[in-house]
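**Q** Take a look at start_14.cif, mmCIF, C-alpha atoms:
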data_target
#
loop_
_atom_site.label_atom_id
_atom_site.label_comp_id
_atom_site.auth_asym_id
_atom_site.auth_seq_id
_atom_site.Cartn_x
_atom_site.Cartn_y
_atom_site.Cartn_z
CA MET A 1 -133.71 -54.48 137.28
CA SER A 2 -136.06 -53.63 134.45
CA ILE A 3 -136.27 -50.19 132.98
CA ARG A 4 -139.76 -48.97 132.28
CA GLN A 5 -140.05 -47.21 128.95
CA SER A 6 -142.45 -44.32 128.99
CA SER A 7 -144.46 -43.49 125.92
CA PRO A 8 -143.05 -40.59 123.93
CA ARG A 9 -144.60 -37.20 124.69
CA ALA A 10 -144.83 -36.29 121.04
CA THR A 11 -144.68 -37.97 117.68
CA MET A 12 -143.93 -36.63 114.22
CA SER A 13 -147.64 -36.74 113.37
CA GLN A 14 -148.78 -34.62 116.32
CA HIS A 15 -149.44 -30.90 116.25
CA SER A 16 -146.30 -28.74 116.45
CA PRO A 17 -146.44 -24.93 116.70
CA LEU A 18 -142.93 -24.74 115.24
CA LEU A 19 -143.76 -26.81 112.16
CA ASP A 20 -147.04 -24.92 111.74
CA ALA A 21 -145.20 -21.60 111.77
CA LEU A 22 -142.62 -22.80 109.26
CA GLN A 23 -145.27 -24.24 106.96
CA GLN A 24 -147.23 -20.97 107.06
CA THR A 25 -144.10 -19.05 106.08
CA ILE A 26 -143.47 -21.39 103.14
CA ALA A 27 -147.11 -21.13 102.03
CA HIS A 28 -146.93 -17.33 102.25
CA ARG A 29 -143.90 -17.27 99.92
CA VAL A 30 -145.75 -19.36 97.36
CA GLN A 31 -149.01 -17.40 97.61
CA THR A 32 -147.35 -13.99 97.32
CA GLY A 33 -145.03 -14.93 94.46
CA LEU A 34 -141.76 -14.71 96.39
CA THR A 35 -138.76 -16.63 95.06
CA THR A 36 -138.94 -20.33 95.89
CA VAL A 37 -136.47 -23.08 95.03
CA CYS A 38 -136.92 -26.85 94.81
CA LEU A 39 -133.56 -28.58 95.20
CA ASP A 40 -134.96 -31.91 93.99
CA GLU A 41 -136.27 -30.46 90.73
CA LEU A 42 -134.12 -31.17 87.68
CA LEU A 43 -133.70 -28.14 85.43
CA PRO A 44 -133.76 -28.68 81.66
CA SER A 45 -130.39 -28.93 79.93
CA SER A 46 -131.32 -29.22 76.27
CA ALA A 47 -130.61 -25.54 75.54
CA PRO A 48 -127.23 -23.75 75.92
CA ASP A 49 -126.21 -22.66 79.43
CA LEU A 50 -126.81 -18.91 79.64
CA PHE A 51 -127.62 -18.76 83.35
CA SER A 52 -124.95 -20.34 85.60
CA ASN A 53 -121.86 -18.59 87.01
CA ASP A 54 -119.49 -20.89 85.10
CA TYR A 55 -118.04 -17.89 83.22
CA LEU A 56 -115.02 -19.64 81.67
CA SER A 57 -116.91 -22.93 81.08
CA LEU A 58 -114.34 -24.78 83.18
CA SER A 59 -116.82 -27.05 84.97
CA THR A 60 -117.18 -29.06 81.73
CA ASP A 61 -113.71 -28.44 80.29
CA PRO A 62 -111.93 -31.63 79.13
CA VAL A 63 -108.48 -30.01 79.32
CA LEU A 64 -109.04 -29.12 82.99
CA ARG A 65 -110.15 -32.69 83.68
CA GLU A 66 -106.95 -34.07 82.18
CA ILE A 67 -104.76 -31.66 84.16
CA PHE A 68 -106.61 -32.59 87.36
CA LEU A 69 -106.00 -36.30 86.78
CA GLN A 70 -102.30 -35.61 86.17
CA GLN A 71 -102.15 -33.64 89.42
CA VAL A 72 -103.74 -36.43 91.42
CA LEU A 73 -101.61 -39.17 89.89
CA GLY A 74 -98.40 -37.17 90.06
CA ALA A 75 -96.78 -35.05 92.73
CA PRO A 76 -98.60 -31.73 92.46
CA ARG A 77 -97.61 -28.39 93.89
CA LEU A 78 -100.38 -27.38 96.30
CA PHE A 79 -101.45 -23.87 95.34
CA ASP A 80 -97.81 -23.07 94.68
CA THR A 81 -96.04 -19.79 95.40
CA THR A 82 -95.75 -18.88 91.72
CA SER A 83 -99.50 -18.23 91.48
CA PRO A 84 -100.68 -14.64 90.96
CA PHE A 85 -102.55 -14.82 94.28
CA LEU A 86 -99.37 -15.38 96.30
CA ARG A 87 -97.07 -12.68 94.97
CA GLY A 88 -96.10 -9.52 96.82
CA ARG A 89 -97.00 -8.53 100.37
CA HIS A 90 -100.30 -10.47 100.52
CA LEU A 91 -100.78 -14.10 101.57
CA PRO A 92 -103.77 -16.44 101.05
CA LEU A 93 -105.94 -18.21 103.58
CA LEU A 94 -108.19 -20.97 102.22
CA PHE A 95 -111.84 -21.39 103.17
CA ASN A 96 -114.48 -23.93 102.18
CA SER A 97 -116.70 -21.27 100.57
CA GLY A 98 -116.90 -17.57 99.79
CA TYR A 99 -119.64 -17.28 102.40
CA THR A 100 -117.44 -18.59 105.21
CA ALA A 101 -114.52 -16.47 103.95
CA ASN A 102 -116.46 -13.20 104.26
CA LEU A 103 -118.08 -14.32 107.49
CA GLY A 104 -114.69 -15.26 108.91
CA PHE A 105 -113.01 -12.01 107.94
CA PHE A 106 -115.65 -9.53 109.07
CA GLY A 107 -116.60 -11.64 112.07
CA SER A 108 -113.07 -11.51 113.47
CA VAL A 109 -110.85 -8.74 112.05
CA PRO A 110 -112.71 -5.44 112.74
CA GLN A 111 -112.28 -4.38 116.39
CA SER A 112 -114.79 -2.81 118.79
CA ASP A 113 -113.88 0.83 118.01
CA ASP A 114 -113.69 0.29 114.26
CA VAL A 115 -116.22 1.40 111.62
CA ILE A 116 -117.51 -0.38 108.49
CA ILE A 117 -118.79 1.42 105.37
CA TYR A 118 -120.39 -0.81 102.73
CA ASP A 119 -122.24 -0.70 99.42
CA GLU A 120 -125.98 -1.18 99.95
CA LEU A 121 -125.96 -4.20 97.60
CA ILE A 122 -123.04 -5.98 99.30
CA HIS A 123 -123.35 -9.76 99.50
CA ALA A 124 -125.31 -11.45 102.30
CA SER A 125 -122.15 -13.19 103.52
CA CYS A 126 -120.53 -9.83 104.27
CA ARG A 127 -123.68 -8.67 106.07
CA GLU A 128 -123.59 -11.78 108.24
CA GLY A 129 -119.99 -10.96 109.06
CA PHE A 130 -121.00 -7.40 109.97
CA ARG A 131 -123.78 -8.73 112.20
CA VAL A 132 -121.39 -10.72 114.41
CA SER A 133 -118.51 -8.27 114.12
CA ALA A 134 -117.13 -6.36 117.10
CA ALA A 135 -117.85 -3.26 114.97
CA ARG A 136 -121.54 -4.18 114.45
CA ASN A 137 -122.72 -0.96 116.15
CA ALA A 138 -120.87 1.25 113.66
CA LEU A 139 -122.17 0.19 110.24
CA TYR A 140 -122.82 2.71 107.46
CA ARG A 141 -124.03 2.03 103.93
CA PHE A 142 -123.87 4.15 100.79
CA ALA A 143 -126.00 4.12 97.63
CA HIS A 144 -125.02 1.38 95.22
CA ASN A 145 -121.95 2.25 93.13
CA SER A 146 -122.44 5.97 93.82
CA VAL A 147 -119.12 7.75 94.30
CA ALA A 148 -120.95 10.89 95.50
CA SER A 149 -122.90 8.90 98.10
CA PHE A 150 -119.71 7.16 99.21
CA GLU A 151 -117.90 10.46 99.68
CA GLU A 152 -120.80 11.92 101.67
CA CYS A 153 -120.96 8.80 103.84
CA LEU A 154 -117.19 8.81 104.36
CA ARG A 155 -117.09 12.46 105.43
CA ASN A 156 -119.99 11.94 107.83
CA VAL A 157 -118.31 8.90 109.36
CA LEU A 158 -115.02 10.72 109.86
CA SER A 159 -116.88 13.58 111.55
CA LYS A 160 -118.84 11.24 113.81
CA HIS A 161 -115.86 8.98 114.60
CA PRO A 162 -112.82 11.26 115.07
CA GLN A 163 -110.86 8.36 116.58
CA ILE A 164 -110.20 7.21 112.99
CA ILE A 165 -108.36 10.44 112.14
CA HIS A 166 -106.49 10.26 115.45
CA GLY A 167 -105.26 6.75 114.70
CA LYS A 168 -107.21 5.05 117.49
CA SER A 169 -109.38 2.90 115.19
CA THR A 170 -109.72 1.67 111.60
CA LEU A 171 -112.22 2.45 108.86
CA PHE A 172 -113.21 -0.65 106.84
CA VAL A 173 -114.68 -0.27 103.34
CA SER A 174 -116.53 -3.29 101.91
CA VAL A 175 -117.38 -3.50 98.19
CA GLU A 176 -117.66 -6.09 95.44
CA SER A 177 -115.77 -5.92 92.17
CA LEU A 178 -118.79 -7.03 90.10
CA TYR A 179 -122.30 -7.21 91.53
CA SER A 180 -124.11 -10.40 90.60
CA MET A 181 -127.71 -9.19 90.46
CA ASP A 182 -127.16 -5.93 88.55
CA GLY A 183 -124.06 -7.01 86.60
CA ASP A 184 -122.24 -3.71 87.14
CA PHE A 185 -118.62 -3.04 88.07
CA CYS A 186 -117.61 -1.14 91.19
CA PRO A 187 -116.03 2.34 90.64
CA LEU A 188 -113.13 1.03 92.68
CA ALA A 189 -110.40 3.44 91.55
CA GLU A 190 -112.51 6.43 92.63
CA ILE A 191 -113.39 4.84 95.98
CA VAL A 192 -109.75 3.99 96.73
CA GLN A 193 -108.67 7.52 95.83
CA LEU A 194 -111.28 9.09 98.13
CA VAL A 195 -110.18 6.89 101.01
CA GLU A 196 -106.55 7.83 100.48
CA ASP A 197 -107.42 11.54 100.20
CA LEU A 198 -109.62 11.73 103.30
CA VAL A 199 -108.30 9.05 105.69
CA PRO A 200 -104.75 9.16 107.11
CA ALA A 201 -102.48 6.39 105.84
CA GLY A 202 -102.74 3.24 107.93
CA HIS A 203 -106.16 4.12 109.35
CA SER A 204 -108.26 2.44 106.64
CA HIS A 205 -108.74 -1.07 105.30
CA ILE A 206 -110.38 -1.68 101.90
CA VAL A 207 -111.90 -5.13 101.32
CA VAL A 208 -112.96 -6.21 97.81
CA ASP A 209 -115.02 -9.33 97.18
CA GLU A 210 -113.81 -10.66 93.80
CA ALA A 211 -116.32 -13.52 93.62
CA HIS A 212 -117.49 -12.63 90.11
CA THR A 213 -114.17 -11.41 88.68
CA SER A 214 -111.65 -13.93 90.03
CA GLY A 215 -110.25 -15.83 87.07
CA MET A 216 -112.37 -13.74 84.71
CA CYS A 217 -110.09 -10.73 84.25
CA GLY A 218 -106.70 -9.28 85.16
CA PRO A 219 -103.21 -10.63 84.43
CA ASN A 220 -103.36 -14.45 84.54
CA GLY A 221 -106.95 -14.18 85.75
CA SER A 222 -105.90 -12.48 89.00
CA GLY A 223 -109.03 -10.31 89.13
CA TYR A 224 -110.45 -6.81 88.95
CA VAL A 225 -108.17 -5.24 91.57
CA SER A 226 -105.12 -6.43 89.67
CA LEU A 227 -106.60 -5.33 86.34
CA LEU A 228 -106.96 -1.77 87.69
CA GLY A 229 -103.42 -1.80 89.10
CA LEU A 230 -104.71 -1.43 92.68
CA SER A 231 -103.17 -4.51 94.28
CA HIS A 232 -100.92 -2.44 96.53
CA ARG A 233 -103.71 -0.04 97.49
CA VAL A 234 -106.41 -2.59 98.36
CA HIS A 235 -105.73 -4.32 101.66
CA THR A 236 -107.77 -7.54 101.38
CA GLN A 237 -109.31 -9.45 98.48
CA VAL A 238 -111.71 -12.40 98.67
CA HIS A 239 -111.49 -14.74 95.68
CA THR A 240 -114.13 -17.45 95.45
CA PHE A 241 -113.81 -20.56 93.30
CA GLY A 242 -117.47 -21.33 92.58
CA LYS A 243 -117.79 -19.05 89.54
CA ALA A 244 -115.13 -18.69 86.83
CA TRP A 245 -112.94 -21.32 88.54
CA GLY A 246 -115.65 -23.95 88.08
CA PHE A 247 -115.07 -25.46 91.52
CA HIS A 248 -115.79 -24.49 95.14
CA GLY A 249 -114.03 -22.83 98.06
CA ALA A 250 -112.44 -19.41 98.51
CA VAL A 251 -109.28 -17.66 99.54
CA VAL A 252 -108.79 -14.47 101.55
CA VAL A 253 -105.70 -12.68 100.24
CA THR A 254 -104.46 -10.32 102.94
CA SER A 255 -101.46 -9.25 105.02
CA PRO A 256 -99.39 -11.86 106.93
CA ILE A 257 -100.49 -10.42 110.30
CA ILE A 258 -104.21 -10.53 109.46
CA ARG A 259 -103.82 -14.04 108.04
CA GLU A 260 -102.15 -15.20 111.25
CA TYR A 261 -104.81 -13.49 113.36
CA MET A 262 -107.68 -15.10 111.42
CA ILE A 263 -106.18 -18.58 111.79
CA HIS A 264 -106.60 -18.19 115.55
CA SER A 265 -109.77 -16.04 115.65
CA ALA A 266 -112.06 -16.71 112.67
CA LYS A 267 -114.67 -19.23 113.84
CA SER A 268 -115.39 -20.37 110.28
CA ILE A 269 -111.81 -21.68 110.21
CA ILE A 270 -111.43 -22.88 113.79
CA PHE A 271 -114.67 -24.87 113.82
CA SER A 272 -114.65 -26.15 110.22
CA THR A 273 -113.02 -29.17 108.65
CA SER A 274 -110.15 -28.06 106.44
CA MET A 275 -110.22 -28.52 102.68
CA PRO A 276 -109.12 -32.06 101.66
CA TYR A 277 -106.05 -32.62 99.51
CA ILE A 278 -108.12 -33.83 96.57
CA ASP A 279 -109.75 -30.38 96.45
CA MET A 280 -106.33 -28.75 96.58
CA TYR A 281 -105.28 -30.77 93.55
CA ALA A 282 -108.41 -29.63 91.72
CA LEU A 283 -107.76 -25.99 92.62
CA GLN A 284 -104.21 -26.25 91.36
CA ALA A 285 -105.50 -27.72 88.09
CA CYS A 286 -108.00 -24.85 87.79
CA LEU A 287 -105.23 -22.34 88.45
CA ASP A 288 -103.00 -23.96 85.83
CA VAL A 289 -105.70 -23.46 83.21
CA ILE A 290 -106.75 -19.97 84.33
CA SER A 291 -103.19 -18.61 84.37
CA SER A 292 -102.22 -20.23 81.04
CA ASP A 293 -102.52 -19.02 77.45
CA ARG A 294 -105.67 -21.10 77.21
CA GLY A 295 -107.12 -19.19 80.16
CA GLN A 296 -106.36 -15.91 78.40
CA GLU A 297 -108.11 -17.15 75.26
CA LEU A 298 -111.18 -18.08 77.31
CA ARG A 299 -111.23 -14.61 78.93
CA GLN A 300 -110.95 -12.87 75.57
CA ASN A 301 -113.75 -14.98 74.16
CA LEU A 302 -115.90 -14.22 77.21
CA VAL A 303 -115.43 -10.46 76.72
CA ARG A 304 -116.21 -10.70 73.00
CA LEU A 305 -119.38 -12.72 73.56
CA SER A 306 -120.51 -10.51 76.47
CA CYS A 307 -120.21 -7.38 74.35
CA TYR A 308 -122.06 -9.15 71.52
CA ALA A 309 -124.89 -10.17 73.86
CA HIS A 310 -125.28 -6.62 75.21
CA LYS A 311 -125.47 -5.28 71.66
CA GLN A 312 -127.94 -7.89 70.43
CA LEU A 313 -130.26 -7.47 73.42
CA LEU A 314 -130.36 -3.69 73.17
CA HIS A 315 -131.12 -3.89 69.45
CA ALA A 316 -133.77 -6.61 69.74
CA LEU A 317 -135.65 -4.98 72.63
CA LYS A 318 -135.61 -1.49 71.13
CA GLY A 319 -139.19 -1.71 69.89
CA ILE A 320 -140.59 -3.45 72.99
CA PRO A 321 -142.22 -1.32 75.72
CA GLY A 322 -139.78 -0.88 78.59
CA GLY A 323 -142.49 -1.76 81.09
CA ILE A 324 -142.71 -5.23 79.55
CA LEU A 325 -139.10 -6.24 78.92
CA SER A 326 -135.95 -4.17 79.23
CA VAL A 327 -132.21 -4.13 79.83
CA ASP A 328 -130.18 -1.26 81.24
CA ASN A 329 -127.63 0.37 78.95
CA SER A 330 -125.39 1.35 81.84
CA PRO A 331 -121.72 2.25 81.22
CA SER A 332 -120.86 0.57 84.53
CA ARG A 333 -121.43 -2.80 82.84
CA ILE A 334 -118.64 -2.20 80.31
CA HIS A 335 -115.38 -1.21 81.98
CA ASP A 336 -113.42 -0.71 78.77
CA SER A 337 -112.69 -2.59 75.57
CA SER A 338 -110.95 -5.32 77.58
CA LEU A 339 -113.77 -6.01 80.06
CA CYS A 340 -117.52 -6.35 79.62
CA SER A 341 -119.87 -7.77 82.25
CA PRO A 342 -121.08 -11.30 81.43
CA ILE A 343 -124.08 -10.74 83.73
CA ILE A 344 -127.05 -9.10 81.99
CA PRO A 345 -130.23 -8.59 84.04
CA ILE A 346 -133.39 -8.65 81.94
CA PHE A 347 -136.22 -6.84 83.71
CA THR A 348 -139.91 -7.65 83.47
CA PRO A 349 -142.88 -7.47 85.86
CA LEU A 350 -143.99 -10.75 84.23
CA VAL A 351 -140.91 -12.63 85.35
CA ARG A 352 -142.67 -15.88 86.27
CA ASN A 353 -144.55 -15.99 82.99
CA LEU A 354 -141.29 -15.42 81.09
CA ALA A 355 -139.36 -17.99 83.14
CA ASP A 356 -142.03 -20.65 82.58
CA TYR A 357 -141.94 -19.96 78.84
CA LEU A 358 -138.14 -20.25 78.69
CA LEU A 359 -138.14 -23.42 80.80
CA LYS A 360 -140.40 -25.05 78.21
CA LYS A 361 -137.82 -24.02 75.59
CA GLY A 362 -135.16 -25.94 77.53
CA TYR A 363 -133.43 -22.98 79.21
CA ALA A 364 -132.45 -23.51 82.86
CA VAL A 365 -133.65 -20.08 83.96
CA ARG A 366 -134.82 -19.00 87.43
CA PRO A 367 -137.05 -15.99 88.12
CA ILE A 368 -135.48 -13.55 90.59
CA THR A 369 -137.96 -11.61 92.69
CA HIS A 370 -138.45 -9.86 96.00
CA PRO A 371 -136.92 -10.10 98.60
CA ILE A 372 -133.74 -10.93 96.67
CA VAL A 373 -134.22 -7.89 94.42
CA LYS A 374 -136.67 -4.99 94.31
CA ARG A 375 -137.09 -5.18 90.55
CA PRO A 376 -138.06 -8.64 89.20
CA ARG A 377 -135.77 -10.09 86.55
CA ILE A 378 -134.04 -13.04 84.99
CA ARG A 379 -130.30 -13.00 84.39
CA MET A 380 -128.57 -13.86 81.14
CA ILE A 381 -125.01 -14.96 81.97
CA ILE A 382 -122.49 -15.41 79.20
CA HIS A 383 -119.86 -18.16 79.16
CA ALA A 384 -116.61 -18.45 77.25
CA ARG A 385 -117.80 -21.48 75.31
CA ASN A 386 -121.17 -20.07 74.30
CA THR A 387 -121.52 -19.07 70.66
CA GLU A 388 -123.08 -16.12 68.88
CA GLU A 389 -125.74 -18.56 67.65
CA ASP A 390 -126.55 -19.47 71.29
CA ILE A 391 -127.04 -15.80 72.10
CA ASP A 392 -129.11 -15.08 68.99
CA SER A 393 -131.42 -18.03 69.69
CA PHE A 394 -132.03 -16.87 73.26
CA VAL A 395 -132.66 -13.27 72.22
CA ASN A 396 -135.12 -14.51 69.59
CA ALA A 397 -136.90 -16.54 72.28
CA LEU A 398 -137.31 -13.37 74.37
CA VAL A 399 -138.78 -11.48 71.44
CA GLN A 400 -141.05 -14.40 70.58
CA TRP A 401 -142.38 -14.43 74.16
CA THR A 402 -143.39 -10.78 73.91
CA THR A 403 -145.30 -11.41 70.68
CA THR A 404 -147.00 -14.71 71.55
CA GLN A 405 -147.15 -16.15 75.06
CA GLY A 406 -146.97 -12.83 76.83
CA GLN A 407 -149.67 -10.96 74.90
CA ASP A 408 -152.49 -11.29 77.44
CA ALA A 409 -150.23 -10.51 80.36
CA ILE A 410 -148.67 -7.60 78.45
CA LEU A 411 -152.07 -6.02 77.86
CA ALA A 412 -152.84 -6.29 81.57
CA VAL A 413 -149.57 -4.60 82.46
CA VAL A 414 -150.08 -1.82 79.92
CA ARG A 415 -153.55 -1.14 81.31
CA SER A 416 -152.15 -0.98 84.84
CA GLY A 417 -149.60 1.63 83.75
CA VAL A 418 -146.42 -0.16 84.81
CA GLY A 419 -143.46 1.81 83.39
CA ALA A 420 -139.93 0.99 82.41
CA ASP A 421 -138.52 2.29 85.68
CA SER A 422 -141.01 0.50 87.89
CA GLN A 423 -139.47 -1.05 91.00
CA CYS A 424 -141.97 -3.90 91.12
CA SER A 425 -142.04 -6.32 94.02
CA ILE A 426 -143.83 -9.52 93.12
#
If you took the structure in this file and wrote it as structure tokens, what would it be?

**A**
Amino acid sequence: MSIRQSSPRATMSQHSPLLDALQQTIAHRVQTGLTTVCLDELLPSSAPDLFSNDYLSLSTDPVLREIFLQQVLGAPRLFDTTSPFLRGRHLPLLFNSGYTANLGFFGSVPQSDDVIIYDELIHASCREGFRVSAARNALYRFAHNSVASFEECLRNVLSKHPQIIHGKSTLFVSVESLYSMDGDFCPLAEIVQLVEDLVPAGHSHIVVDEAHTSGMCGPNGSGYVSLLGLSHRVHTQVHTFGKAWGFHGAVVVTSPIIREYMIHSAKSIIFSTSMPYIDMYALQACLDVISSDRGQELRQNLVRLSCYAHKQLLHALKGIPGGILSVDNSPSRIHDSSLCSPIIPIFTPLVRNLADYLLKKGYAVRPITHPIVKRPRIRMIIHARNTEEDIDSFVNALVQWTTTQGQDAILAVVRSGVGADSQCSI
């Protein structure tokens, strides 16, 4: 019996309404100046790295490499119980990324009568978790890092959802320790205090995403919550390993009951391949460095260089019109003498012009525009193994751009009346 093969109904070269729609969307992004990324494009590497999230410079650290090889060749402890993430009443649950960690937590833990309050600039991974959460119909946001807005939101929520006060449901609060686009620290102590003052004990659950502070601060690199002494007042922390750790993956540090529940309910665990042992060895090697004296030296150097960069930028840009190039001198970027944000947004309505200029100088910079942010910018990100000379050279390049390459564009902006506080969308 022969089987007759019919000709295919469509080929890759034929018209497709789906591909047409996708191509039009891509073309629209390019035409309107929205952020676009080419994964096949090699960024220059001749200049110092002042743009990646490798805060402690561990991704290129020879000591870490040697420790990793010893772990693999020996009999390593797998994320052992002496680590700062495993002490006390909280236990860790490993994920393949910070995105799947936040998605897994918020997609499974909040129940149908619960309520979620979140900072308006919370990470997209948390928002995706909210979207599939059983509490997705009770979401409330407050103005970024505003304690007054948080208090107003909290009081309104408690009035609208009296079941929280009566112990019939739980109020979740979702914030980040350090926000990656604005480089400012969360007023976490004030937020925790308000929750404890207004919500009965046991009826709230505070979740802090430590993506940009894990390894970077706190005793043994244990993070912002630990640095503030709030470990026993914050219920869940999410530590990701793609920034200061110089690796990948994440861990949700939470109560034993929630950990057990997530193992059986979080889809990003149930339907994902678990982390291989070789990655566990690498994480243990990262932890050994981060929690060591060497890790403390790297953190101290990071703080020193971050403070130096803030100072140099503010001084250098003092005489430049704020509508052309500016940085914010916000106290929320410097917690105290022991912690200074390594993330410094540099604002300009001419962000593509500036990025192209810096790329030609060898800097691996990306312009950040709408819809990622309302106010176009590049980010300067300090690393522990940068030098003051690295910072000075980059600051000089910024100043040089304003006096040479950017002159024509600057005149156009001045004529159009764009001010320092403009919320431009390119």

**Q** For Ala201 of chain A, find every residue with an atom within 10 Å (counting all atoms listed in the file), except residues of its own chain fewer than 6 positions away, and show them as a PyMOL selection string.

**A** chain A and resi 165+167+195

**Q** Which residue, A:Ile258, A:Leu158, A:Ala189, A:Val175, has the smallest gap to Gly104 of chain A when you use only C-alpha atoms?

**A** A:Ile258

**Q** Do you have, as CSV, the list of residues of segment 156-261 of chain A lying at most 12 Å from segment 124-133 of chain A, each with its nearest atom pair and that distance in Å to one decimal, counting only C-alpha atoms and ordered by chain then number?

**A**
residue,atom,partner,partner_atom,distance
A:Phe172,CA,A:Phe130,CA,10.8
A:Val173,CA,A:Cys126,CA,11.2
A:Ser174,CA,A:Cys126,CA,8.0
A:Val175,CA,A:Cys126,CA,9.3
A:Glu176,CA,A:Cys126,CA,10.0
A:Tyr179,CA,A:Ala124,CA,12.0
A:Ser180,CA,A:Ala124,CA,11.8
A:Val207,CA,A:Cys126,CA,10.3
A:Val208,CA,A:Cys126,CA,10.6
A:Asp209,CA,A:Cys126,CA,9.0
A:Ala211,CA,A:Ser125,CA,11.5
A:Val238,CA,A:Cys126,CA,10.8

**Q** Which residues come within 10 Å of Asp184 of chain A, counting only C-alpha atoms, excluding same-chain residues fewer than 3 positions away, as a ChimeraX atom specification?

**A** /A:144-145,176-181,187,330-335,340-345

**Q** Emit the selected residues as a PDB file, keeping the file's coordinate frame, including C-alpha atoms.

**A**
ATOM      1  CA  HIS A 144    -125.020   1.380  95.220  1.00  0.00           C
ATOM      2  CA  ASN A 145    -121.950   2.250  93.130  1.00  0.00           C
ATOM      3  CA  GLU A 176    -117.660  -6.090  95.440  1.00  0.00           C
ATOM      4  CA  SER A 177    -115.770  -5.920  92.170  1.00  0.00           C
ATOM      5  CA  LEU A 178    -118.790  -7.030  90.100  1.00  0.00           C
ATOM      6  CA  TYR A 179    -122.300  -7.210  91.530  1.00  0.00           C
ATOM      7  CA  SER A 180    -124.110 -10.400  90.600  1.00  0.00           C
ATOM      8  CA  MET A 181    -127.710  -9.190  90.460  1.00  0.00           C
ATOM      9  CA  PRO A 187    -116.030   2.340  90.640  1.00  0.00           C
ATOM     10  CA  SER A 330    -125.390   1.350  81.840  1.00  0.00           C
ATOM     11  CA  PRO A 331    -121.720   2.250  81.220  1.00  0.00           C
ATOM     12  CA  SER A 332    -120.860   0.570  84.530  1.00  0.00           C
ATOM     13  CA  ARG A 333    -121.430  -2.800  82.840  1.00  0.00           C
ATOM     14  CA  ILE A 334    -118.640  -2.200  80.310  1.00  0.00           C
ATOM     15  CA  HIS A 335    -115.380  -1.210  81.980  1.00  0.00           C
ATOM     16  CA  CYS A 340    -117.520  -6.350  79.620  1.00  0.00           C
ATOM     17  CA  SER A 341    -119.870  -7.770  82.250  1.00  0.00           C
ATOM     18  CA  PRO A 342    -121.080 -11.300  81.430  1.00  0.00           C
ATOM     19  CA  ILE A 343    -124.080 -10.740  83.730  1.00  0.00           C
ATOM     20  CA  ILE A 344    -127.050  -9.100  81.990  1.00  0.00           C
ATOM     21  CA  PRO A 345    -130.230  -8.590  84.040  1.00  0.00           C
TER      22      PRO A 345
END

**Q** Using only C-alpha atoms for the distances, tell me which of A:Leu339, A:Ile368, A:Ile117, A:Ile320 is nearest to Gly223 of chain A.

**A**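 Distance minimum relative to Gly223 of chain A lands on A:Leu339.
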
**Q** Evaluate the PyMOL selection byres ((chain A and resi 116) around 7) on the structure here and hand back the selected residues as a list in words.

**A** Asp114, Val115, Ile117, Tyr118, Ala138, Leu139, Tyr140, Leu171, Phe172 and Val173 of chain A

**Q** Selection in question (the file shown): the PyMOL selection byres ((chain A and resi 286) around 9). Which residues does it include, as a list of chain:residue names?

**A**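 This file gives the following for the PyMOL selection byres ((chain A and resi 286) around 9): A:Leu58, A:Leu64, A:Ile67, A:Phe68, A:Trp245, A:Gly246, A:Phe247, A:Tyr281, A:Ala282, A:Leu283, A:Gln284, A:Ala285, A:Leu287, A:Asp288, A:Val289, A:Ile290, A:Ser291.
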
**Q** Find the residue from A:Leu56, A:Ile263, A:Leu228, A:Val327 that sits nearest to Asp182 of chain A; use all atoms listed in the file when measuring.

**A** A:Val327

**Q** To verify the selection step, state as a ChimeraX atom specification which residues the PyMOL selection byres ((chain A and resi 93) around 10) yields on this input.

**A** /A:91-92,94-95,101,238,250-254,256,258-260,262-263,269

**Q** Pick out the residues sitting within 12 Å of Leu34 of chain A, and hand them over as a PyMOL selection string; count all atoms listed in the file, and ignore anything fewer than 2 positions along from it in its own chain.

**A** chain A and resi 25-32+36-37+351-352+367-374+376+425-426

**Q** Any chance you could work out the axis-aligned box around segment 26-29 of chain A, listed atoms only, 4 Å on each side, giving centre and edge lengths in Å to one decimal, as lines of an AutoDock Vina configuration file?

**A**
center_x = -145.3
center_y = -19.3
center_z = 101.5
size_x = 11.6
size_y = 12.1
size_z = 11.2

**Q** Quick one: of A:Phe106, A:Tyr261, A:Tyr55, A:Tyr224, who's nearest to Ala134 of chain A, counting only C-alpha atoms?

**A**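 That would be A:Phe106, the residue with the smallest distance to Ala134 of chain A.
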
**Q** Rounded to one decimal, what separation in Å do you get between atom CA of Val63 of chain A and atom CA of Glu297 of chain A?

**A** 13.5 Å

**Q** If we count all atoms listed in the file and set the cut-off at 12 Å, which residues sit around Lys361 of chain A, ignoring sequence neighbours fewer than 2 positions away in its own chain? Please answer as a compact mmCIF listing (two decimals) with C-alpha atoms, keeping the file's coordinate frame.

**A**
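Below you can see part11.txt, which holds the result:
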# COMPACT_ATOMS: atom_id res chain seq x y z
CA LEU A 43 -133.70 -28.14 85.43
CA PRO A 44 -133.76 -28.68 81.66
CA SER A 45 -130.39 -28.93 79.93
CA SER A 46 -131.32 -29.22 76.27
CA ALA A 47 -130.61 -25.54 75.54
CA PRO A 48 -127.23 -23.75 75.92
CA LEU A 354 -141.29 -15.42 81.09
CA ALA A 355 -139.36 -17.99 83.14
CA ASP A 356 -142.03 -20.65 82.58
CA TYR A 357 -141.94 -19.96 78.84
CA LEU A 358 -138.14 -20.25 78.69
CA LEU A 359 -138.14 -23.42 80.80
CA TYR A 363 -133.43 -22.98 79.21
CA ALA A 364 -132.45 -23.51 82.86
CA VAL A 365 -133.65 -20.08 83.96
CA SER A 393 -131.42 -18.03 69.69
CA PHE A 394 -132.03 -16.87 73.26
CA ASN A 396 -135.12 -14.51 69.59
CA ALA A 397 -136.90 -16.54 72.28
CA LEU A 398 -137.31 -13.37 74.37
CA GLN A 400 -141.05 -14.40 70.58
CA TRP A 401 -142.38 -14.43 74.16
